[in-house]
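Below is the file run08.txt, which contains compact mmCIF, C-alpha atoms.
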# COMPACT_ATOMS: atom_id res chain seq x y z
CA MET Q 1 0.00 0.00 0.00
CA THR Q 2 1.35 3.43 -0.89
CA SER Q 3 0.36 6.86 0.34
CA THR Q 4 0.72 10.21 -1.35
CA THR Q 5 1.15 13.66 0.09
CA THR Q 6 -0.42 16.59 -1.71
CA THR Q 7 1.55 19.82 -1.64
CA LEU Q 8 -0.79 22.80 -1.62
CA THR Q 9 -0.13 26.30 -2.91
CA GLY Q 10 0.06 29.14 -0.41
CA GLN Q 11 -3.35 30.31 -1.56
CA GLU Q 12 -4.89 26.87 -1.15
CA ARG Q 13 -3.22 26.27 2.20
CA MET Q 14 -4.40 29.54 3.72
CA ASN Q 15 -7.93 29.15 2.37
CA ARG Q 16 -8.22 25.60 3.69
CA MET Q 17 -6.94 26.72 7.10
CA LEU Q 18 -9.55 29.49 7.22
CA ALA Q 19 -12.23 26.94 6.26
CA ARG Q 20 -11.00 24.47 8.95
CA GLN Q 21 -10.25 21.91 6.26
CA ASP Q 22 -7.28 19.54 6.23
CA HIS Q 23 -4.09 21.06 4.81
CA ASP Q 24 -0.53 19.82 4.27
CA ARG Q 25 1.16 22.10 6.82
CA ILE Q 26 0.48 25.17 8.95
CA PRO Q 27 0.44 28.37 6.85
CA ARG Q 28 3.36 30.68 7.64
CA HIS Q 29 4.14 34.37 7.52
CA GLU Q 30 6.26 36.79 9.53
CA HIS Q 31 7.22 40.43 10.11
CA PHE Q 32 10.62 41.73 11.23
CA TRP Q 33 12.10 44.94 12.56
CA ALA Q 34 14.48 46.60 10.07
CA ASP Q 35 17.25 46.34 12.67
CA THR Q 36 16.65 42.57 12.78
CA ILE Q 37 17.25 42.20 9.05
CA LYS Q 38 20.35 44.38 9.37
CA ARG Q 39 21.76 42.11 12.11
CA TRP Q 40 20.91 38.93 10.24
CA THR Q 41 22.55 40.22 7.07
CA GLU Q 42 25.75 40.73 9.07
CA GLU Q 43 25.35 37.15 10.36
CA GLY Q 44 25.00 35.59 6.91
CA LEU Q 45 21.43 36.17 5.70
CA GLU Q 46 21.24 36.66 1.94
CA GLY Q 47 18.43 38.53 0.23
CA GLY Q 48 17.19 40.62 3.14
CA GLU Q 49 13.58 40.26 4.26
CA THR Q 50 12.62 38.65 0.95
CA GLY Q 51 15.30 36.03 1.58
CA VAL Q 52 13.90 35.20 5.02
CA LYS Q 53 10.36 34.87 3.73
CA ARG Q 54 11.58 32.64 0.93
CA LEU Q 55 13.28 30.32 3.45
CA LEU Q 56 10.20 30.44 5.66
CA GLN Q 57 8.06 29.63 2.60
CA SER Q 58 5.64 32.41 3.47
CA ASP Q 59 2.14 31.79 2.13
CA LEU Q 60 0.86 35.38 2.08
CA PHE Q 61 1.52 38.32 -0.23
CA SER Q 62 0.45 41.93 0.38
CA VAL Q 63 -0.67 44.25 -2.40
CA GLY Q 64 -0.68 47.90 -1.37
CA TRP Q 65 -0.97 49.74 1.93
CA ASN Q 66 -4.09 51.82 2.45
CA TRP Q 67 -3.83 54.64 4.99
CA PRO Q 68 -5.64 57.78 3.76
CA THR Q 69 -4.25 61.08 5.08
CA PRO Q 70 -5.32 64.74 4.84
CA TYR Q 71 -1.78 65.88 3.96
CA GLU Q 72 0.35 64.39 1.22
CA GLY Q 73 3.65 63.12 2.65
CA ASP Q 74 5.78 64.24 5.56
CA GLN Q 75 7.27 67.65 6.25
CA THR Q 76 10.58 67.98 8.12
CA ILE Q 77 10.40 70.66 10.79
CA GLU Q 78 13.81 70.30 12.44
CA GLU Q 79 16.59 67.77 12.85
CA ASP Q 80 19.89 67.08 14.58
CA GLU Q 81 22.51 64.35 14.23
CA GLU Q 82 20.35 61.63 15.82
CA THR Q 83 16.70 62.68 15.44
CA VAL Q 84 14.30 64.40 13.07
CA VAL Q 85 11.01 66.16 13.86
CA ARG Q 86 8.35 65.70 11.18
CA ARG Q 87 4.74 66.54 10.57
CA ASP Q 88 3.23 63.50 8.94
CA GLY Q 89 0.25 63.15 6.63
CA HIS Q 90 -2.18 63.22 9.56
CA GLY Q 91 -0.84 66.50 10.94
CA ARG Q 92 0.85 64.62 13.78
CA ILE Q 93 4.16 66.16 14.87
CA ALA Q 94 6.67 63.66 16.25
CA ARG Q 95 10.38 63.19 16.85
CA TRP Q 96 11.94 60.08 15.27
CA TRP Q 97 15.32 58.40 15.51
CA LYS Q 98 17.28 58.70 12.27
CA ASN Q 99 19.34 55.54 12.38
CA ARG Q 100 17.20 53.05 14.29
CA GLN Q 101 13.60 52.05 14.75
CA GLY Q 102 11.62 52.89 17.84
CA THR Q 103 8.48 54.54 19.17
CA PRO Q 104 8.44 58.26 18.30
CA GLU Q 105 8.05 61.10 20.77
CA HIS Q 106 4.67 62.68 20.02
CA LEU Q 107 4.96 66.48 20.23
CA GLY Q 108 1.53 67.59 19.04
CA PHE Q 109 -1.47 67.09 16.75
CA GLU Q 110 -2.72 69.81 14.44
CA CYS Q 111 -6.24 68.36 14.52
CA ASP Q 112 -6.89 69.08 18.19
CA SER Q 113 -10.58 70.04 18.14
CA ARG Q 114 -13.86 69.05 16.52
CA GLU Q 115 -13.94 72.45 14.81
CA LYS Q 116 -10.60 71.82 13.10
CA TRP Q 117 -11.78 68.38 12.02
CA GLU Q 118 -14.97 69.74 10.48
CA THR Q 119 -13.53 72.90 8.90
CA LYS Q 120 -10.05 71.75 7.82
CA PHE Q 121 -9.14 68.09 8.06
CA LYS Q 122 -12.36 66.44 6.91
CA PRO Q 123 -12.53 68.68 3.79
CA MET Q 124 -8.81 68.05 3.11
CA LEU Q 125 -9.39 64.30 3.21
CA ALA Q 126 -12.30 64.64 0.78
CA GLU Q 127 -10.31 66.86 -1.58
CA ARG Q 128 -7.41 64.40 -1.76
CA GLY Q 129 -9.79 61.67 -2.88
CA MET Q 130 -8.51 58.21 -3.72
CA GLN Q 131 -4.99 57.60 -2.44
CA LEU Q 132 -4.42 54.01 -3.51
CA LYS Q 133 -3.15 53.81 -7.09
CA PRO Q 134 -4.64 50.70 -8.72
CA ASP Q 135 -2.44 50.98 -11.81
CA GLN Q 136 0.66 50.84 -9.60
CA LEU Q 137 -0.65 47.80 -7.69
CA ARG Q 138 -1.16 45.62 -10.75
CA GLU Q 139 2.51 44.60 -10.83
CA TYR Q 140 2.44 43.43 -7.20
CA HIS Q 141 -0.87 41.68 -7.69
CA ALA Q 142 0.58 39.79 -10.68
CA ILE Q 143 3.60 38.65 -8.62
CA GLY Q 144 1.39 37.23 -5.88
CA ARG Q 145 -0.77 35.42 -8.38
CA LYS Q 146 2.25 34.13 -10.31
CA TYR Q 147 3.51 32.33 -7.21
CA ASP Q 148 0.05 31.13 -6.11
CA LEU Q 149 0.20 32.98 -2.79
CA TRP Q 150 -2.68 34.21 -0.64
CA VAL Q 151 -2.93 37.73 -2.05
CA HIS Q 152 -4.43 40.37 0.21
CA LEU Q 153 -5.08 44.07 0.40
CA THR Q 154 -3.62 45.70 3.49
CA GLY Q 155 -4.57 48.83 5.39
CA VAL Q 156 -5.63 50.48 8.62
CA GLU Q 157 -8.96 50.75 10.36
CA PRO Q 158 -10.75 53.80 11.84
CA PHE Q 159 -9.58 53.52 15.45
CA GLU Q 160 -5.92 53.55 14.42
CA VAL Q 161 -6.62 56.50 12.15
CA THR Q 162 -8.44 58.43 14.89
CA ARG Q 163 -5.52 58.01 17.28
CA ALA Q 164 -3.07 59.11 14.58
CA LEU Q 165 -5.17 62.15 13.74
CA ILE Q 166 -5.99 63.57 17.18
CA GLY Q 167 -3.75 61.61 19.55
CA ASP Q 168 -4.40 59.05 22.26
CA GLU Q 169 -5.26 61.58 24.96
CA GLU Q 170 -7.73 63.55 22.86
CA THR Q 171 -9.26 60.32 21.56
CA ALA Q 172 -9.90 59.07 25.10
CA ILE Q 173 -11.46 62.39 26.14
CA ALA Q 174 -13.58 62.67 23.00
CA MET Q 175 -14.90 59.12 23.32
CA ALA Q 176 -16.32 60.09 26.71
CA THR Q 177 -17.34 63.72 26.14
CA ASP Q 178 -18.03 64.02 22.40
CA PRO Q 179 -18.72 60.52 21.04
CA GLU Q 180 -20.44 61.85 17.91
CA TRP Q 181 -17.11 63.41 16.84
CA VAL Q 182 -15.33 60.06 17.16
CA ILE Q 183 -18.17 58.34 15.27
CA ASP Q 184 -17.86 60.90 12.47
CA ILE Q 185 -14.08 60.47 12.16
CA ALA Q 186 -14.40 56.69 12.14
CA ALA Q 187 -17.21 56.64 9.58
CA THR Q 188 -15.54 59.20 7.32
CA TYR Q 189 -12.29 57.27 7.17
CA THR Q 190 -14.08 53.96 6.70
CA ASP Q 191 -15.91 55.47 3.72
CA ARG Q 192 -12.57 56.51 2.21
CA ILE Q 193 -10.84 53.18 2.96
CA ILE Q 194 -13.64 51.14 1.39
CA ALA Q 195 -13.80 53.43 -1.64
CA ASP Q 196 -10.07 52.90 -2.26
CA TYR Q 197 -10.42 49.12 -1.95
CA GLN Q 198 -13.41 49.16 -4.27
CA ALA Q 199 -11.34 51.02 -6.88
CA CYS Q 200 -8.84 48.15 -6.86
CA LEU Q 201 -11.63 45.64 -7.40
CA ASP Q 202 -13.13 47.78 -10.15
CA ALA Q 203 -9.71 47.80 -11.84
CA GLY Q 204 -10.02 44.04 -12.30
CA MET Q 205 -7.82 42.74 -9.47
CA ASP Q 206 -9.04 39.91 -7.26
CA PHE Q 207 -7.96 39.31 -3.68
CA ASP Q 208 -8.16 36.48 -1.21
CA GLY Q 209 -8.42 38.70 1.83
CA LEU Q 210 -8.41 42.04 3.53
CA TRP Q 211 -5.82 42.38 6.31
CA THR Q 212 -6.68 45.36 8.51
CA TYR Q 213 -4.36 46.89 11.11
CA GLY Q 214 -5.34 48.82 14.22
CA ASP Q 215 -3.95 48.66 17.75
CA MET Q 216 -6.81 49.03 20.24
CA ALA Q 217 -5.33 47.77 23.51
CA TYR Q 218 -2.58 48.12 26.08
CA ASN Q 219 -0.80 45.17 27.68
CA HIS Q 220 -3.58 44.72 30.24
CA ALA Q 221 -6.85 45.86 28.64
CA THR Q 222 -8.49 47.60 25.70
CA PHE Q 223 -8.05 51.33 25.18
CA CYS Q 224 -11.71 51.86 26.04
CA SER Q 225 -14.47 49.77 27.60
CA PRO Q 226 -16.01 46.99 25.49
CA GLN Q 227 -19.32 48.88 25.44
CA MET Q 228 -17.65 52.08 24.22
CA TYR Q 229 -15.89 50.08 21.51
CA LYS Q 230 -19.23 48.49 20.52
CA ASP Q 231 -20.97 51.87 20.34
CA LEU Q 232 -18.32 54.00 18.61
CA ILE Q 233 -15.86 51.89 16.58
CA TRP Q 234 -17.28 48.39 16.18
CA PRO Q 235 -19.90 49.38 13.56
CA GLN Q 236 -17.07 50.47 11.23
CA HIS Q 237 -15.14 47.26 11.90
CA LYS Q 238 -18.25 45.32 10.92
CA ARG Q 239 -18.59 47.41 7.75
CA LEU Q 240 -15.04 46.46 6.75
CA ALA Q 241 -15.64 42.77 7.43
CA ASP Q 242 -18.96 42.90 5.57
CA PHE Q 243 -17.26 44.60 2.60
CA ALA Q 244 -14.63 41.85 2.49
CA HIS Q 245 -17.23 39.10 2.58
CA ALA Q 246 -19.45 40.77 -0.01
CA ASN Q 247 -16.49 40.68 -2.39
CA GLY Q 248 -15.43 37.10 -1.74
CA MET Q 249 -12.59 37.95 0.65
CA LYS Q 250 -11.73 36.83 4.17
CA PHE Q 251 -11.10 39.43 6.89
CA ILE Q 252 -7.97 39.36 9.08
CA TYR Q 253 -7.80 41.81 11.98
CA HIS Q 254 -4.53 42.87 13.61
CA THR Q 255 -4.27 44.43 17.02
CA ASP Q 256 -1.60 44.35 19.69
CA GLY Q 257 -2.47 44.26 23.37
CA ASN Q 258 -4.90 42.43 25.61
CA VAL Q 259 -8.26 42.19 23.85
CA ASN Q 260 -9.68 39.22 25.74
CA ALA Q 261 -12.67 41.35 26.77
CA VAL Q 262 -13.80 42.02 23.18
CA MET Q 263 -13.22 38.67 21.51
CA ASP Q 264 -16.96 38.00 21.41
CA LEU Q 265 -17.43 41.29 19.57
CA TYR Q 266 -14.83 40.26 16.98
CA VAL Q 267 -16.81 37.10 16.34
CA GLU Q 268 -20.07 39.06 16.16
CA ALA Q 269 -18.53 41.46 13.63
CA GLY Q 270 -17.66 38.53 11.39
CA PHE Q 271 -13.87 38.61 11.65
CA ASP Q 272 -12.39 35.49 10.05
CA CYS Q 273 -8.91 35.60 11.57
CA PHE Q 274 -7.16 37.34 14.49
CA GLN Q 275 -3.47 38.37 14.47
CA PRO Q 276 -0.83 38.62 16.04
CA ILE Q 277 -2.27 37.61 19.46
CA GLU Q 278 0.30 39.25 21.73
CA ALA Q 279 1.50 36.68 24.26
CA LYS Q 280 3.29 39.23 26.45
CA ALA Q 281 -0.01 41.08 26.83
CA GLY Q 282 -1.81 38.06 28.24
CA MET Q 283 -3.19 36.59 24.99
CA ASP Q 284 -2.84 32.81 24.71
CA ILE Q 285 -4.28 30.57 21.99
CA ARG Q 286 -4.13 27.64 24.39
CA ASN Q 287 -7.06 29.39 26.10
CA LEU Q 288 -8.57 31.08 23.04
CA CYS Q 289 -8.70 28.16 20.63
CA PRO Q 290 -10.98 25.93 22.74
CA LYS Q 291 -13.44 28.82 23.10
CA TYR Q 292 -13.25 30.58 19.72
CA GLY Q 293 -11.35 28.27 17.39
CA ASP Q 294 -14.40 27.08 15.47
CA GLN Q 295 -15.45 30.69 14.75
CA LEU Q 296 -12.20 32.65 14.54
CA ALA Q 297 -8.90 31.45 13.08
CA MET Q 298 -5.77 32.31 15.06
CA PHE Q 299 -2.63 33.73 13.45
CA GLY Q 300 0.48 34.14 15.60
CA ASN Q 301 1.00 34.11 19.39
CA ILE Q 302 4.61 32.79 19.34
CA ASP Q 303 6.21 34.89 22.07
CA VAL Q 304 9.09 37.02 20.74
CA MET Q 305 10.38 37.45 24.29
CA ILE Q 306 11.01 33.70 24.36
CA MET Q 307 12.56 33.89 20.88
CA ALA Q 308 14.89 36.61 22.20
CA THR Q 309 16.34 34.27 24.83
CA ASN Q 310 17.92 32.37 21.89
CA ASP Q 311 17.36 29.27 24.03
CA LEU Q 312 16.25 26.65 21.53
CA GLU Q 313 14.79 24.37 24.17
CA LYS Q 314 12.50 27.12 25.46
CA ILE Q 315 11.59 28.19 21.93
CA GLU Q 316 10.76 24.61 20.92
CA ALA Q 317 8.47 24.23 23.94
CA GLU Q 318 6.71 27.52 23.10
CA ILE Q 319 6.14 26.59 19.47
CA ALA Q 320 5.13 23.00 20.18
CA SER Q 321 2.48 23.92 22.75
CA LYS Q 322 1.02 26.75 20.65
CA PHE Q 323 1.01 24.61 17.50
CA ALA Q 324 -0.80 21.83 19.34
CA ALA Q 325 -3.54 24.26 20.43
CA GLY Q 326 -3.89 25.73 16.95
CA MET Q 327 -3.76 22.45 15.06
CA ALA Q 328 -6.56 21.04 17.21
CA THR Q 329 -8.92 23.46 15.46
CA LYS Q 330 -7.31 23.27 11.97
CA GLY Q 331 -7.61 27.08 12.04
CA TYR Q 332 -4.12 28.32 12.85
CA ALA Q 333 -1.28 30.08 10.97
CA TYR Q 334 2.27 30.67 12.22
CA HIS Q 335 3.47 34.19 13.10
CA SER Q 336 5.30 35.71 16.03
CA ASP Q 337 3.17 37.64 18.53
CA HIS Q 338 4.46 40.93 17.08
CA SER Q 339 7.53 41.43 14.87
CA VAL Q 340 10.79 39.54 15.36
CA PRO Q 341 13.24 41.85 17.24
CA PRO Q 342 16.99 42.23 16.63
CA THR Q 343 17.74 40.41 19.90
CA VAL Q 344 16.97 37.17 18.03
CA SER Q 345 20.05 35.82 16.24
CA TRP Q 346 20.00 34.60 12.65
CA LYS Q 347 21.13 31.19 13.88
CA THR Q 348 18.14 31.06 16.21
CA TYR Q 349 15.67 32.06 13.52
CA GLN Q 350 17.05 29.49 11.10
CA ALA Q 351 16.40 26.89 13.82
CA ILE Q 352 12.84 28.22 14.18
CA ILE Q 353 12.27 27.81 10.44
CA LYS Q 354 13.56 24.24 10.58

In structure tokens, write the structure found in this file.
Amino acid sequence: MTSTTTTLTGQERMNRMLARQDHDRIPRHEHFWADTIKRWTEEGLEGGETGVKRLLQSDLFSVGWNWPTPYEGDQTIEEDEETVVRRDGHGRIARWWKNRQGTPEHLGFECDSREKWETKFKPMLAERGMQLKPDQLREYHAIGRKYDLWVHLTGVEPFEVTRALIGDEETAIAMATDPEWVIDIAATYTDRIIADYQACLDAGMDFDGLWTYGDMAYNHATFCSPQMYKDLIWPQHKRLADFAHANGMKFIYHTDGNVNAVMDLYVEAGFDCFQPIEAKAGMDIRNLCPKYGDQLAMFGNIDVMIMATNDLEKIEAEIASKFAAGMATKGYAYHSDHSVPPTVSWKTYQAIIK
């Protein structure tokens, strides 16, 4: 008696995982800090980030990055040898390191009142119109299709945009004292985001999924209460998921932080997949999969803090236990619980791939 093993394409593998159907191996994808790729190149990596993903046999391929802004591009305000102060496309003024990655120092937000939103920034966003360029995305779309990968559109969601536009502090205050303003920002940006995605579909491109980014939690809880999320932001999240489904796409939602309290709302909104599931913020698929695994696929949760120990025994135990939890549902894809940091050696990551 002989047995055969079918090797699936990345597209087939990811789709079967999302459908909880048998597949030949766990789908894989990863993100890395730029400093990580720099270190690994010095340690023998060839081909940069593309080279790593080729060795990993990544199954996903992104086409475009959709983040509408009122301003076009960044404006440098001042700089010194180590840092630069810029006003970005949102009107956010921040100080950045020049030669390394890191969280910026937020210095101010031009859109600091409802009046400025209504009289300046909302009209500016409307005047700029579509910011994705479908003609420029065709080349990337063709590459993803050529290699039979799971091709997805990528972009942000309205909560991330609101925080970028008016800042965390003003967002928190407005959610409590002027919720209609927050609702208007969220709905306005969702209109723009969907319109840009629709233009790509109208241009004849097809996509397997919509991968939406927005950090809505700290390491211990969500930025706001679950009820406030449900009232102010969740309707726009559901619109995005509904748009994906109406156009034959799956919906992946990314958020860092501890979102245990809103997992039921993610399911209710129709999310298909949740990523990256930040272990160091108290998220654990060994608890989530038994409860949500038949409704929500899990993508990630491999603790980068354990990776950073470069202790292969600890890393093996982490991966083995998380894989067992994910594989029990057939709805799991490999990813770290954030982005792989430069404290992880190239030797260690090669062992992870193996």

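Nearest-residue note for Ala244 (chain Q): choosing from Q:Met14, Q:Ala221, Q:Ala269, Q:Ala261, the minimum distance belongs to Q:Ala269, counting all atoms listed in the file.
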
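When all atoms listed in the file are used to compute distances to Cys273 (chain Q), the closest of the residues Q:Ala19, Q:Pro104, Q:Asp337, Q:Ile302 turns out to be Q:Ala19.
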
### Task
Name all residues at most 8 Å from Asp112 (chain Q) (count all atoms listed in the file; drop same-chain ones fewer than 4 positions away) and give them as a ChimeraX atom specification.
/Q:116-117,166,170

Residues near region 226-235 of chain Q, anyone? I mean within 6 Å using all atoms listed in the file, not counting same-chain ones fewer than 3 positions away, as a PDB file with C-alpha atoms, in the frame of the given file.
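That gives us out.pdb:
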ATOM      1  CA  ILE Q 183     -18.170  58.340  15.270  1.00  0.00           C
ATOM      2  CA  LYS Q 238     -18.250  45.320  10.920  1.00  0.00           C
ATOM      3  CA  VAL Q 262     -13.800  42.020  23.180  1.00  0.00           C
TER       4      VAL Q 262
END

### Task
Fewer than 5 positions away in the same chain doesn't count, so skip those; otherwise give me all residues within 8 Å of Lys330 (chain Q), counting all atoms listed in the file, as a list in words.
Met17, Arg20, Gln21 and Asp22 of chain Q

Please write the residues from the selection above to a file, keeping C-alpha atoms, as a PDB file, in the coordinates of the input.
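For reference, out17.pdb as written:
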ATOM      1  CA  MET Q  17      -6.940  26.720   7.100  1.00  0.00           C
ATOM      2  CA  ARG Q  20     -11.000  24.470   8.950  1.00  0.00           C
ATOM      3  CA  GLN Q  21     -10.250  21.910   6.260  1.00  0.00           C
ATOM      4  CA  ASP Q  22      -7.280  19.540   6.230  1.00  0.00           C
TER       5      ASP Q  22
END

### Near-Lys280 (chain Q) list (8 Å; all atoms listed in the file; drop same-chain fewer than 2 positions) as a count of residues only
6

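Distances to Pro134 (chain Q) were evaluated for Q:Tyr197, Q:Tyr213, Q:Phe159, Q:Phe274 using only C-alpha atoms, and the minimum falls at Q:Tyr197.
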
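When all atoms listed in the file are used to measure the gap to Lys120 (chain Q), the shortest distance among Q:Gly257, Q:Ile143, Q:Tyr71, Q:Phe299 belongs to Q:Tyr71.
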
Would you mind listing, for every residue of region 97-214 of chain Q within 8 Å of region 78-85 of chain Q, the two atoms forming the shortest contact and the distance between them in Å to one decimal, using only C-alpha atoms, sorted by chain and ascending residue number, as CSV?
residue,atom,partner,partner_atom,distance
Q:Trp97,CA,Q:Thr83,CA,4.5
Q:Lys98,CA,Q:Thr83,CA,5.1
Q:Asn99,CA,Q:Glu82,CA,7.1

### Query
Near Ile173 (chain Q), within 12 Å and counting only C-alpha atoms, which residues show up once chain neighbours fewer than 2 positions away are dropped, as a PyMOL selection string?
chain Q and resi 112-114+163+166-171+175-179+181-182+223-224

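Residue nearest Thr190 (chain Q), chosen from Q:Ala172, Q:Phe243, Q:His141, Q:Asp215 and counting all atoms listed in the file: Q:Phe243.
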
### Task
Tell me, in Å to one decimal, how far CA of Tyr218 (chain Q) is from CA of Ala281 (chain Q).
7.5 Å

As a tab-separated table (two decimals), keeping the file's coordinate frame, the rebuilt region 330-350 of chain Q with N, CA, C and O atoms:
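Listed below is the output, result-v2.tsv:
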chain	number	residue	atom	x	y	z
Q	330	LYS	N	-7.65	23.16	13.40
Q	330	LYS	CA	-7.31	23.27	11.97
Q	330	LYS	C	-7.32	24.72	11.49
Q	330	LYS	O	-7.14	24.97	10.30
Q	331	GLY	N	-7.53	25.67	12.40
Q	331	GLY	CA	-7.61	27.08	12.04
Q	331	GLY	C	-6.51	27.89	12.67
Q	331	GLY	O	-6.76	28.76	13.52
Q	332	TYR	N	-5.26	27.62	12.26
Q	332	TYR	CA	-4.12	28.32	12.85
Q	332	TYR	C	-3.03	28.55	11.80
Q	332	TYR	O	-2.75	27.67	10.99
Q	333	ALA	N	-2.43	29.76	11.82
Q	333	ALA	CA	-1.28	30.08	10.97
Q	333	ALA	C	-0.15	30.60	11.85
Q	333	ALA	O	-0.37	31.29	12.85
Q	334	TYR	N	1.09	30.26	11.45
Q	334	TYR	CA	2.27	30.67	12.22
Q	334	TYR	C	2.60	32.15	12.00
Q	334	TYR	O	2.63	32.64	10.86
Q	335	HIS	N	2.91	32.83	13.09
Q	335	HIS	CA	3.47	34.19	13.10
Q	335	HIS	C	3.95	34.43	14.52
Q	335	HIS	O	3.42	33.84	15.47
Q	336	SER	N	4.93	35.28	14.67
Q	336	SER	CA	5.30	35.71	16.03
Q	336	SER	C	4.14	36.52	16.61
Q	336	SER	O	3.18	36.85	15.93
Q	337	ASP	N	4.25	36.87	17.91
Q	337	ASP	CA	3.17	37.64	18.53
Q	337	ASP	C	3.36	39.14	18.33
Q	337	ASP	O	2.64	39.94	18.93
Q	338	HIS	N	4.29	39.53	17.47
Q	338	HIS	CA	4.46	40.93	17.08
Q	338	HIS	C	5.31	40.96	15.83
Q	338	HIS	O	4.91	40.50	14.78
Q	339	SER	N	6.53	41.49	15.94
Q	339	SER	CA	7.53	41.43	14.87
Q	339	SER	C	8.82	40.95	15.50
Q	339	SER	O	9.13	41.31	16.64
Q	340	VAL	N	9.59	40.14	14.78
Q	340	VAL	CA	10.79	39.54	15.36
Q	340	VAL	C	11.84	40.63	15.63
Q	340	VAL	O	12.23	41.36	14.71
Q	341	PRO	N	12.32	40.77	16.88
Q	341	PRO	CA	13.24	41.85	17.24
Q	341	PRO	C	14.69	41.48	16.94
Q	341	PRO	O	15.03	40.31	16.75
Q	342	PRO	N	15.58	42.48	16.94
Q	342	PRO	CA	16.99	42.23	16.63
Q	342	PRO	C	17.75	41.49	17.73
Q	342	PRO	O	18.92	41.15	17.53
Q	343	THR	N	17.11	41.22	18.85
Q	343	THR	CA	17.74	40.41	19.90
Q	343	THR	C	17.74	38.92	19.55
Q	343	THR	O	18.38	38.11	20.22
Q	344	VAL	N	17.00	38.55	18.50
Q	344	VAL	CA	16.97	37.17	18.03
Q	344	VAL	C	18.07	36.99	16.98
Q	344	VAL	O	18.13	37.74	16.00
Q	345	SER	N	18.95	36.03	17.18
Q	345	SER	CA	20.05	35.82	16.24
Q	345	SER	C	19.56	35.13	14.97
Q	345	SER	O	18.51	34.49	14.96
Q	346	TRP	N	20.32	35.28	13.89
Q	346	TRP	CA	20.00	34.60	12.65
Q	346	TRP	C	20.08	33.09	12.83
Q	346	TRP	O	19.25	32.35	12.30
Q	347	LYS	N	21.02	32.62	13.61
Q	347	LYS	CA	21.13	31.19	13.88
Q	347	LYS	C	19.86	30.69	14.56
Q	347	LYS	O	19.34	29.61	14.23
Q	348	THR	N	19.36	31.46	15.52
Q	348	THR	CA	18.14	31.06	16.21
Q	348	THR	C	16.96	31.01	15.25
Q	348	THR	O	16.18	30.06	15.24
Q	349	TYR	N	16.83	32.04	14.40
Q	349	TYR	CA	15.67	32.06	13.52
Q	349	TYR	C	15.73	30.97	12.46
Q	349	TYR	O	14.70	30.42	12.05
Q	350	GLN	N	16.92	30.62	12.02
Q	350	GLN	CA	17.05	29.49	11.10
Q	350	GLN	C	16.57	28.21	11.78
Q	350	GLN	O	15.92	27.37	11.15
